[in-house]
file target20.txt (compact mmCIF, C-alpha atoms)
# COMPACT_ATOMS: atom_id res chain seq x y z
CA MET F 275 68.04 -8.07 0.16
CA ALA F 276 67.83 -4.71 -1.66
CA SER F 277 68.82 -4.55 -5.30
CA LEU F 278 72.18 -3.19 -6.40
CA LYS F 279 70.56 -0.04 -7.80
CA GLU F 280 68.70 0.71 -4.56
CA VAL F 281 71.83 0.28 -2.44
CA ARG F 282 73.86 2.39 -4.88
CA ASN F 283 71.28 5.19 -4.71
CA ARG F 284 71.34 5.11 -0.92
CA ILE F 285 75.14 5.32 -0.90
CA VAL F 286 75.02 8.39 -3.15
CA SER F 287 72.34 9.99 -0.95
CA VAL F 288 74.17 9.36 2.33
CA ASN F 289 77.45 10.57 0.85
CA SER F 290 75.78 13.84 -0.23
CA THR F 291 74.33 14.28 3.26
CA LYS F 292 77.75 13.64 4.77
CA GLN F 293 79.30 16.37 2.63
CA ILE F 294 76.61 18.82 3.77
CA THR F 295 77.00 18.01 7.48
CA ALA F 296 80.80 18.21 7.23
CA ALA F 297 80.54 21.64 5.58
CA MET F 298 78.07 22.86 8.23
CA LYS F 299 80.42 21.65 10.95
CA MET F 300 83.28 23.70 9.48
CA VAL F 301 81.09 26.81 9.17
CA SER F 302 79.87 26.49 12.76
CA ALA F 303 83.43 25.98 14.00
CA ALA F 304 84.52 29.23 12.31
CA LYS F 305 81.54 31.15 13.72
CA LEU F 306 82.04 29.59 17.15
CA ARG F 307 85.56 30.96 17.41
CA ARG F 308 84.34 34.55 17.02
CA ALA F 309 81.28 34.07 19.24
CA GLN F 310 83.36 32.39 21.95
CA ASP F 311 85.87 35.25 21.98
CA ALA F 312 83.02 37.76 22.33
CA ILE F 313 81.39 36.06 25.34
CA ILE F 314 84.72 35.35 27.07
CA ARG F 315 85.60 39.05 26.87
CA MET F 316 82.15 40.18 28.03
CA ARG F 317 81.42 37.71 30.85
CA PRO F 318 83.87 38.95 33.59
CA TYR F 319 82.70 42.55 33.11
CA ALA F 320 79.01 41.61 33.09
CA GLU F 321 79.29 39.36 36.16
CA LYS F 322 81.18 41.97 38.18
CA LEU F 323 78.71 44.65 37.15
CA GLN F 324 75.84 42.35 38.17
CA ALA F 325 77.39 41.91 41.62
CA ILE F 326 77.77 45.68 42.03
CA LEU F 327 74.21 46.18 40.79
CA SER F 328 72.86 43.76 43.40
CA ASN F 329 74.78 45.47 46.20
CA VAL F 330 73.70 48.95 45.15
CA SER F 331 70.07 47.86 44.79
CA ALA F 332 70.14 46.42 48.29
CA SER F 333 70.87 49.89 49.66
CA LEU F 334 67.98 51.58 47.81
CA ASP F 335 64.51 52.13 49.17
CA SER F 336 61.41 51.38 47.10
CA SER F 337 61.04 54.99 45.95
CA GLU F 338 64.56 55.03 44.49
CA GLY F 339 64.84 51.56 43.04
CA LYS F 340 61.97 51.11 40.57
CA PHE F 341 63.82 48.13 39.07
CA SER F 342 64.35 46.49 42.48
CA ALA F 343 60.75 46.85 43.67
CA GLN F 344 59.45 43.47 44.85
CA ARG F 345 55.68 43.24 44.60
CA GLU F 346 53.13 40.45 44.52
CA VAL F 347 53.75 38.45 41.37
CA LYS F 348 50.64 38.34 39.17
CA ASN F 349 52.19 38.58 35.70
CA VAL F 350 55.43 36.85 34.68
CA LEU F 351 57.38 37.48 31.48
CA PHE F 352 59.71 34.76 30.21
CA VAL F 353 62.26 35.92 27.63
CA ALA F 354 62.98 32.86 25.46
CA VAL F 355 66.41 33.25 23.84
CA VAL F 356 66.93 30.63 21.14
CA SER F 357 68.22 30.49 17.56
CA ASN F 358 66.89 31.36 14.12
CA ARG F 359 67.81 27.96 12.69
CA GLY F 360 67.62 24.34 13.74
CA LEU F 361 70.02 21.43 13.21
CA ALA F 362 71.61 22.12 16.60
CA GLY F 363 70.56 19.09 18.59
CA ALA F 364 68.53 19.86 21.72
CA PHE F 365 69.69 23.50 21.82
CA ASN F 366 66.23 25.03 21.33
CA THR F 367 64.22 22.18 22.80
CA GLN F 368 65.79 22.38 26.25
CA VAL F 369 64.89 26.09 26.50
CA PHE F 370 61.27 25.34 25.57
CA ARG F 371 61.20 22.47 28.07
CA LEU F 372 62.43 24.67 30.93
CA ILE F 373 59.93 27.42 30.09
CA ARG F 374 57.12 24.84 29.94
CA LYS F 375 58.03 23.59 33.41
CA ALA F 376 58.44 27.09 34.90
CA ALA F 377 55.21 28.30 33.27
CA ALA F 378 53.28 25.37 34.74
CA GLU F 379 54.62 26.18 38.21
CA ALA F 380 53.71 29.87 37.81
CA GLU F 381 50.19 29.07 36.58
CA ALA F 382 49.70 26.73 39.52
CA LYS F 383 50.22 29.80 41.73
CA GLY F 384 47.60 31.77 39.78
CA GLN F 385 50.13 33.84 37.83
CA LYS F 386 49.63 34.86 34.21
CA VAL F 387 52.52 33.86 31.92
CA THR F 388 53.72 35.69 28.82
CA VAL F 389 56.66 34.73 26.61
CA LEU F 390 58.80 37.20 24.65
CA PRO F 391 60.42 35.15 21.85
CA ILE F 392 63.92 36.08 20.70
CA GLY F 393 64.87 33.93 17.72
CA LYS F 394 62.79 32.59 14.84
CA LYS F 395 62.41 29.15 16.43
CA ALA F 396 60.89 30.71 19.56
CA MET F 397 58.49 32.77 17.46
CA ASP F 398 57.40 29.63 15.60
CA ALA F 399 56.94 27.78 18.89
CA TYR F 400 54.89 30.42 20.73
CA ARG F 401 53.08 32.35 17.99
CA ARG F 402 49.90 30.28 18.29
CA THR F 403 49.94 29.72 22.05
CA ALA F 404 48.25 31.53 24.93
CA TYR F 405 51.67 32.78 26.04
CA PHE F 406 52.08 34.99 22.98
CA ASN F 407 51.35 38.71 23.26
CA ALA F 408 51.00 40.51 19.92
CA ALA F 409 51.68 43.83 21.67
CA LEU F 410 55.30 42.77 22.20
CA PRO F 411 57.86 42.96 19.36
CA THR F 412 57.68 40.14 16.83
CA ASP F 413 60.79 40.94 14.77
CA LEU F 414 63.50 40.08 17.30
CA ALA F 415 64.97 37.31 15.13
CA ASN F 416 67.04 39.98 13.35
CA LEU F 417 69.01 40.71 16.53
CA TYR F 418 71.44 37.98 15.51
CA ASP F 419 72.19 39.72 12.21
CA GLY F 420 75.28 41.57 13.39
CA LEU F 421 74.65 41.08 17.10
CA SER F 422 75.66 44.20 19.02
CA PHE F 423 74.89 46.08 22.22
CA ASP F 424 73.17 48.89 20.28
CA LYS F 425 70.67 46.43 18.77
CA VAL F 426 69.91 44.72 22.09
CA ALA F 427 69.58 47.90 24.19
CA PRO F 428 66.10 48.92 22.87
CA VAL F 429 64.74 45.46 23.72
CA ALA F 430 66.10 45.76 27.27
CA GLU F 431 64.56 49.23 27.56
CA LEU F 432 61.18 47.85 26.50
CA ILE F 433 61.36 45.07 29.11
CA MET F 434 62.40 47.55 31.82
CA ASP F 435 59.55 49.91 30.91
CA ARG F 436 57.00 47.08 31.08
CA PHE F 437 58.30 46.13 34.52
CA ALA F 438 58.41 49.72 35.78
CA ASP F 439 54.81 50.46 34.71
CA GLY F 440 53.56 47.29 36.40
CA THR F 441 52.66 45.29 33.28
CA TYR F 442 54.92 42.51 34.54
CA ASP F 443 55.90 41.85 38.13
CA LYS F 444 58.73 39.47 37.31
CA VAL F 445 60.96 38.92 34.27
CA VAL F 446 63.01 35.75 33.71
CA ILE F 447 65.50 35.18 30.87
CA VAL F 448 65.83 31.57 29.72
CA TYR F 449 68.84 30.83 27.53
CA ASN F 450 71.74 28.45 26.97
CA LYS F 451 74.84 29.47 28.89
CA PHE F 452 78.06 28.72 27.03
CA LYS F 453 80.57 26.50 28.82
CA ASN F 454 82.51 24.98 25.94
CA ALA F 455 81.91 23.74 22.41
CA ALA F 456 80.35 20.50 23.64
CA VAL F 457 78.48 21.70 26.75
CA GLN F 458 75.70 24.28 26.97
CA MET F 459 73.82 24.77 30.23
CA VAL F 460 70.19 25.87 29.97
CA THR F 461 69.71 28.70 32.49
CA ASP F 462 66.73 30.60 33.88
CA GLU F 463 68.05 33.92 35.16
CA GLU F 464 65.83 36.32 37.06
CA TYR F 465 66.22 39.61 35.25
CA LEU F 466 63.75 41.81 37.12
CA PRO F 467 63.33 42.77 39.86
CA VAL F 468 67.00 43.28 40.66
CA LEU F 469 67.49 41.19 43.77
CA PRO F 470 69.87 41.92 46.68
CA PRO F 471 72.81 39.54 47.23
CA ALA F 472 72.02 35.98 48.27
CA ALA F 473 72.01 35.11 51.98
CA ASP F 474 75.43 33.45 51.84
CA GLU F 475 76.87 36.61 50.31
CA ALA F 476 75.11 39.03 52.63
CA THR F 477 77.99 39.26 55.10
CA LYS F 478 80.51 39.89 52.34
CA ALA F 479 78.23 42.37 50.60
CA SER F 480 77.57 44.30 53.79
CA THR F 481 81.25 45.11 54.07
CA VAL F 482 81.26 46.79 50.64
CA ASP F 483 80.94 50.54 51.03
CA TYR F 484 80.42 52.28 47.69
CA ILE F 485 81.19 55.96 47.22
CA MET F 486 78.58 57.12 44.69
CA GLU F 487 79.47 59.96 42.34
CA PRO F 488 78.00 62.23 41.27
CA ASP F 489 75.04 61.13 43.44
CA ARG F 490 72.71 58.24 44.22
CA LYS F 491 69.97 59.51 41.85
CA THR F 492 72.31 59.46 38.86
CA ILE F 493 73.42 55.95 39.72
CA VAL F 494 69.80 54.78 39.80
CA GLU F 495 68.78 56.56 36.59
CA GLU F 496 71.82 55.73 34.46
CA ILE F 497 74.05 52.99 35.80
CA ILE F 498 71.38 50.45 36.78
CA PRO F 499 69.52 50.59 33.42
CA LYS F 500 72.82 50.30 31.58
CA SER F 501 73.75 47.29 33.66
CA LEU F 502 70.43 45.62 32.87
CA LYS F 503 71.02 46.20 29.15
CA ILE F 504 74.43 44.56 29.46
CA GLN F 505 72.91 41.55 31.24
CA LEU F 506 70.51 40.96 28.36
CA TYR F 507 73.32 41.47 25.83
CA LYS F 508 75.44 38.92 27.69
CA ALA F 509 72.59 36.40 27.58
CA LEU F 510 72.35 36.78 23.80
CA LEU F 511 76.13 36.43 23.41
CA ASP F 512 76.01 33.29 25.55
CA SER F 513 73.17 31.89 23.46
CA ASN F 514 74.90 32.77 20.19
CA ALA F 515 78.11 30.98 21.18
CA SER F 516 76.13 28.03 22.55
CA GLU F 517 74.19 27.74 19.29
CA HIS F 518 77.33 27.42 17.17
CA GLY F 519 78.86 24.99 19.64
CA ALA F 520 75.71 22.85 19.68
CA ARG F 521 75.44 22.89 15.89
CA MET F 522 79.11 22.01 15.45
CA THR F 523 78.72 19.06 17.85
CA ALA F 524 75.48 17.92 16.20
CA MET F 525 77.01 18.09 12.71
CA HIS F 526 80.11 16.24 13.92
CA LYS F 527 77.91 13.42 15.23
CA ALA F 528 75.86 13.44 12.03
CA THR F 529 79.02 13.14 9.94
CA ASP F 530 80.24 10.24 12.07
CA ASN F 531 76.85 8.53 11.73
CA ALA F 532 77.00 9.01 7.96
CA ASP F 533 80.44 7.37 7.89
CA SER F 534 79.11 4.41 9.87
CA LEU F 535 76.07 4.10 7.62
CA LEU F 536 78.24 4.26 4.50
CA LYS F 537 80.34 1.36 5.75
CA ASP F 538 77.23 -0.75 6.29
CA LEU F 539 75.81 0.21 2.90
CA LYS F 540 79.04 -0.55 1.08
CA LEU F 541 79.17 -3.93 2.79
CA SER F 542 75.58 -4.62 1.71
CA TYR F 543 76.42 -3.45 -1.82
CA ASN F 544 79.42 -5.77 -2.03
CA LYS F 545 77.36 -8.70 -0.74
CA ALA F 546 74.60 -7.99 -3.25
CA ARG F 547 77.13 -7.60 -6.06
CA GLN F 548 78.85 -10.85 -5.08
CA ALA F 549 75.49 -12.65 -5.02
CA SER F 550 74.63 -11.22 -8.44
CA ILE F 551 77.95 -12.34 -9.92
CA THR F 552 77.54 -15.81 -8.40
CA ASN F 553 74.06 -16.12 -9.91
CA GLU F 554 75.37 -15.07 -13.32
CA ILE F 555 78.15 -17.65 -13.13
CA LEU F 556 75.65 -20.34 -12.13
CA GLU F 557 73.44 -19.41 -15.06
CA ILE F 558 76.34 -19.55 -17.48
CA VAL F 559 77.50 -22.91 -16.14
CA GLY F 560 73.93 -24.22 -16.24
CA GLY F 561 73.50 -23.03 -19.81
CA ALA F 562 76.79 -24.66 -20.85
CA GLU F 563 75.77 -27.96 -19.25
CA ALA F 564 72.43 -27.81 -21.03
CA LEU F 565 74.12 -27.31 -24.40
CA LYS F 566 76.39 -30.30 -23.74
CA GLY F 567 73.34 -32.41 -22.98

call {"tool": "encode", "arguments": {"input": "target20.txt", "output": "C-alpha cells"}}
result
Amino acid sequence: MASLKEVRNRIVSVNSTKQITAAMKMVSAAKLRRAQDAIIRMRPYAEKLQAILSNVSASLDSSEGKFSAQREVKNVLFVAVVSNRGLAGAFNTQVFRLIRKAAAEAEAKGQKVTVLPIGKKAMDAYRRTAYFNAALPTDLANLYDGLSFDKVAPVAELIMDRFADGTYDKVVIVYNKFKNAAVQMVTDEEYLPVLPPAADEATKASTVDYIMEPDRKTIVEEIIPKSLKIQLYKALLDSNASEHGARMTAMHKATDNADSLLKDLKLSYNKARQASITNEILEIVGGAEALKG
C-alpha cells in the first residue's frame, strides 16, 4: 500500500487536473455556443447554393465550366481541416484516419496524393510526409483566429486555380461535420470538380429551369467561384463548431474520471491513515505492556 504522503500528493495532483479540465469545459461550452450559431445560420444557405451550383454546372459544356470539367484523375488534393489544439478526443485523429484510407485507395489506382493542411495539428501530422507540398501555403492555422469569409476566400481561390490549371484533377475536403455537441461526423466532400446532381435527383433537377441574368458567362465567372468559396467556408465553420463540441465532451469525461479517481484515492488515503493510526495504537499499547513487565 502507498504511503500517506504519496496518496496525498496524488490527490492534490488529480484535484488540480480536475480544476483545469472543468475550466476548459466551460470555455469550450462558451465558444461552442457562438460557433454553433454561426454554422446553423450558414448551413441552409450553403446547401441550397450547392444544389443550385450542381444544377447549373450540369447544363454547362466543358468550355464554359472549367470547375466542372471531369478529366482522368492523376493528381488528388485532400484538404485536411482540423484544429490548432488537441485535447478534443478523436476529433483530429478520425480526419487523419479517413485521409489515410482514401489516400491508400487513390495510390492503389496510380494517383498521386497531396494534402493541404488547415490547422496546426494537420501541419504537424503531414509536414514530414510524402503528401506534403511546400509550394502550398503553410500558414493556414491562423484562419481560425477570427474565422471569416474574407480570410477563407483566398484559400478557396488558390485551390480553384490549381484545379483550373490542371495541377490537381480532383479536390476532396475532409472535415468534421457538426451535428450536436456530442456528435461530430467525419466527412469527405468532393469539392472539385463540381458534379451534376446524383442519379436519384436527376429527374427532379431536370425540371428546374433557371433564368440566368445577366447571362450564362457571368454566372460561370462570378457565381460559381463564389459558391465554391462559401462551401469551403462552411466546412471550416462546421469543423470549428465540431472542435469545441468535441473538446467540451472530452473535458466533461475527463472531469468525471477525475471525480471517480479522487473517490478511490480518498478511500485509499483513509485506509492508509486508519492502518497508520492502528499501528501507532498497537505500539503504544505494546510499549505500556513492556513497561509494566

call {"tool": "residues_around", "arguments": {"input": "target20.txt", "residues": "Ala415 (chain F)", "least_positions_apart": "4", "cutoff": "12 Å", "atoms": "only C-alpha atoms", "output": "PDB file with C-alpha atoms, in the coordinates of the input"}}
result
ATOM      1  CA  ALA F 354      62.980  32.860  25.460  1.00  0.00           C
ATOM      2  CA  VAL F 355      66.410  33.250  23.840  1.00  0.00           C
ATOM      3  CA  VAL F 356      66.930  30.630  21.140  1.00  0.00           C
ATOM      4  CA  SER F 357      68.220  30.490  17.560  1.00  0.00           C
ATOM      5  CA  ASN F 358      66.890  31.360  14.120  1.00  0.00           C
ATOM      6  CA  ARG F 359      67.810  27.960  12.690  1.00  0.00           C
ATOM      7  CA  LEU F 390      58.800  37.200  24.650  1.00  0.00           C
ATOM      8  CA  PRO F 391      60.420  35.150  21.850  1.00  0.00           C
ATOM      9  CA  ILE F 392      63.920  36.080  20.700  1.00  0.00           C
ATOM     10  CA  GLY F 393      64.870  33.930  17.720  1.00  0.00           C
ATOM     11  CA  LYS F 394      62.790  32.590  14.840  1.00  0.00           C
ATOM     12  CA  LYS F 395      62.410  29.150  16.430  1.00  0.00           C
ATOM     13  CA  ALA F 396      60.890  30.710  19.560  1.00  0.00           C
ATOM     14  CA  MET F 397      58.490  32.770  17.460  1.00  0.00           C
ATOM     15  CA  ASP F 398      57.400  29.630  15.600  1.00  0.00           C
ATOM     16  CA  PRO F 411      57.860  42.960  19.360  1.00  0.00           C
ATOM     17  CA  ASP F 419      72.190  39.720  12.210  1.00  0.00           C
ATOM     18  CA  GLY F 420      75.280  41.570  13.390  1.00  0.00           C
ATOM     19  CA  LEU F 421      74.650  41.080  17.100  1.00  0.00           C
ATOM     20  CA  LYS F 425      70.670  46.430  18.770  1.00  0.00           C
ATOM     21  CA  VAL F 426      69.910  44.720  22.090  1.00  0.00           C
ATOM     22  CA  VAL F 429      64.740  45.460  23.720  1.00  0.00           C
ATOM     23  CA  LEU F 510      72.350  36.780  23.800  1.00  0.00           C
TER      24      LEU F 510
END

call {"tool": "residues_near_point", "arguments": {"input": "target20.txt", "point": "(76.1, 4.1, 6.2)", "cutoff": "12 Å", "atoms": "only C-alpha atoms", "output": "PDB file with C-alpha atoms, in the coordinates of the input"}}
result
ATOM      1  CA  VAL F 281      71.830   0.280  -2.440  1.00  0.00           C
ATOM      2  CA  ARG F 282      73.860   2.390  -4.880  1.00  0.00           C
ATOM      3  CA  ASN F 283      71.280   5.190  -4.710  1.00  0.00           C
ATOM      4  CA  ARG F 284      71.340   5.110  -0.920  1.00  0.00           C
ATOM      5  CA  ILE F 285      75.140   5.320  -0.900  1.00  0.00           C
ATOM      6  CA  VAL F 286      75.020   8.390  -3.150  1.00  0.00           C
ATOM      7  CA  SER F 287      72.340   9.990  -0.950  1.00  0.00           C
ATOM      8  CA  VAL F 288      74.170   9.360   2.330  1.00  0.00           C
ATOM      9  CA  ASN F 289      77.450  10.570   0.850  1.00  0.00           C
ATOM     10  CA  SER F 290      75.780  13.840  -0.230  1.00  0.00           C
ATOM     11  CA  THR F 291      74.330  14.280   3.260  1.00  0.00           C
ATOM     12  CA  LYS F 292      77.750  13.640   4.770  1.00  0.00           C
ATOM     13  CA  ALA F 528      75.860  13.440  12.030  1.00  0.00           C
ATOM     14  CA  THR F 529      79.020  13.140   9.940  1.00  0.00           C
ATOM     15  CA  ASP F 530      80.240  10.240  12.070  1.00  0.00           C
ATOM     16  CA  ASN F 531      76.850   8.530  11.730  1.00  0.00           C
ATOM     17  CA  ALA F 532      77.000   9.010   7.960  1.00  0.00           C
ATOM     18  CA  ASP F 533      80.440   7.370   7.890  1.00  0.00           C
ATOM     19  CA  SER F 534      79.110   4.410   9.870  1.00  0.00           C
ATOM     20  CA  LEU F 535      76.070   4.100   7.620  1.00  0.00           C
ATOM     21  CA  LEU F 536      78.240   4.260   4.500  1.00  0.00           C
ATOM     22  CA  LYS F 537      80.340   1.360   5.750  1.00  0.00           C
ATOM     23  CA  ASP F 538      77.230  -0.750   6.290  1.00  0.00           C
ATOM     24  CA  LEU F 539      75.810   0.210   2.900  1.00  0.00           C
ATOM     25  CA  LYS F 540      79.040  -0.550   1.080  1.00  0.00           C
ATOM     26  CA  LEU F 541      79.170  -3.930   2.790  1.00  0.00           C
ATOM     27  CA  SER F 542      75.580  -4.620   1.710  1.00  0.00           C
ATOM     28  CA  TYR F 543      76.420  -3.450  -1.820  1.00  0.00           C
TER      29      TYR F 543
END

call {"tool": "atom_distance", "arguments": {"input": "target20.txt", "atom1": "CA of Gly363 (chain F)", "atom2": "CA of Leu410 (chain F)"}}
result
28.4 Å

call {"tool": "atom_distance", "arguments": {"input": "target20.txt", "atom1": "CA of Leu306 (chain F)", "atom2": "CA of Lys508 (chain F)"}}
result
15.5 Å

call {"tool": "atom_distance", "arguments": {"input": "target20.txt", "atom1": "CA of Lys444 (chain F)", "atom2": "CA of Glu464 (chain F)"}}
result
7.8 Å

call {"tool": "residues_around", "arguments": {"input": "target20.txt", "residues": "Arg345 (chain F)", "least_positions_apart": "3", "cutoff": "10 Å", "atoms": "only C-alpha atoms", "output": "ChimeraX atom specification"}}
result
/F:342,348,440,443-444,467

call {"tool": "write_last_selection", "arguments": {"input": "target20.txt", "atoms": "C-alpha atoms", "output": "PDB file, in the coordinates of the input"}}
result
ATOM      1  CA  SER F 342      64.350  46.490  42.480  1.00  0.00           C
ATOM      2  CA  LYS F 348      50.640  38.340  39.170  1.00  0.00           C
ATOM      3  CA  GLY F 440      53.560  47.290  36.400  1.00  0.00           C
ATOM      4  CA  ASP F 443      55.900  41.850  38.130  1.00  0.00           C
ATOM      5  CA  LYS F 444      58.730  39.470  37.310  1.00  0.00           C
ATOM      6  CA  PRO F 467      63.330  42.770  39.860  1.00  0.00           C
TER       7      PRO F 467
END

call {"tool": "residues_around", "arguments": {"input": "target20.txt", "residues": "Phe423 (chain F)", "least_positions_apart": "4", "cutoff": "9 Å", "atoms": "only C-alpha atoms", "output": "NGL selection string"}}
result
:F and (427 or 503-504 or 507)

call {"tool": "residues_around", "arguments": {"input": "target20.txt", "residues": "region 459-463 of chain F", "least_positions_apart": "6", "cutoff": "12 Å", "atoms": "all atoms listed in the file", "output": "PyMOL selection string"}}
result
chain F and resi 324+351-356+364-377+444-453+469+505-506+508-509+512-513+515-517+519-520

call {"tool": "residues_near_point", "arguments": {"input": "target20.txt", "point": "(52.8, 41.2, 30.3)", "cutoff": "12 Å", "atoms": "all atoms listed in the file", "output": "PDB file with C-alpha atoms, in the coordinates of the input"}}
result
ATOM      1  CA  VAL F 347      53.750  38.450  41.370  1.00  0.00           C
ATOM      2  CA  LYS F 348      50.640  38.340  39.170  1.00  0.00           C
ATOM      3  CA  ASN F 349      52.190  38.580  35.700  1.00  0.00           C
ATOM      4  CA  VAL F 350      55.430  36.850  34.680  1.00  0.00           C
ATOM      5  CA  LEU F 351      57.380  37.480  31.480  1.00  0.00           C
ATOM      6  CA  PHE F 352      59.710  34.760  30.210  1.00  0.00           C
ATOM      7  CA  VAL F 353      62.260  35.920  27.630  1.00  0.00           C
ATOM      8  CA  GLN F 385      50.130  33.840  37.830  1.00  0.00           C
ATOM      9  CA  LYS F 386      49.630  34.860  34.210  1.00  0.00           C
ATOM     10  CA  VAL F 387      52.520  33.860  31.920  1.00  0.00           C
ATOM     11  CA  THR F 388      53.720  35.690  28.820  1.00  0.00           C
ATOM     12  CA  VAL F 389      56.660  34.730  26.610  1.00  0.00           C
ATOM     13  CA  LEU F 390      58.800  37.200  24.650  1.00  0.00           C
ATOM     14  CA  ALA F 404      48.250  31.530  24.930  1.00  0.00           C
ATOM     15  CA  TYR F 405      51.670  32.780  26.040  1.00  0.00           C
ATOM     16  CA  PHE F 406      52.080  34.990  22.980  1.00  0.00           C
ATOM     17  CA  ASN F 407      51.350  38.710  23.260  1.00  0.00           C
ATOM     18  CA  ALA F 408      51.000  40.510  19.920  1.00  0.00           C
ATOM     19  CA  ALA F 409      51.680  43.830  21.670  1.00  0.00           C
ATOM     20  CA  LEU F 410      55.300  42.770  22.200  1.00  0.00           C
ATOM     21  CA  LEU F 432      61.180  47.850  26.500  1.00  0.00           C
ATOM     22  CA  ILE F 433      61.360  45.070  29.110  1.00  0.00           C
ATOM     23  CA  MET F 434      62.400  47.550  31.820  1.00  0.00           C
ATOM     24  CA  ASP F 435      59.550  49.910  30.910  1.00  0.00           C
ATOM     25  CA  ARG F 436      57.000  47.080  31.080  1.00  0.00           C
ATOM     26  CA  PHE F 437      58.300  46.130  34.520  1.00  0.00           C
ATOM     27  CA  ALA F 438      58.410  49.720  35.780  1.00  0.00           C
ATOM     28  CA  ASP F 439      54.810  50.460  34.710  1.00  0.00           C
ATOM     29  CA  GLY F 440      53.560  47.290  36.400  1.00  0.00           C
ATOM     30  CA  THR F 441      52.660  45.290  33.280  1.00  0.00           C
ATOM     31  CA  TYR F 442      54.920  42.510  34.540  1.00  0.00           C
ATOM     32  CA  ASP F 443      55.900  41.850  38.130  1.00  0.00           C
ATOM     33  CA  LYS F 444      58.730  39.470  37.310  1.00  0.00           C
ATOM     34  CA  VAL F 445      60.960  38.920  34.270  1.00  0.00           C
TER      35      VAL F 445
END
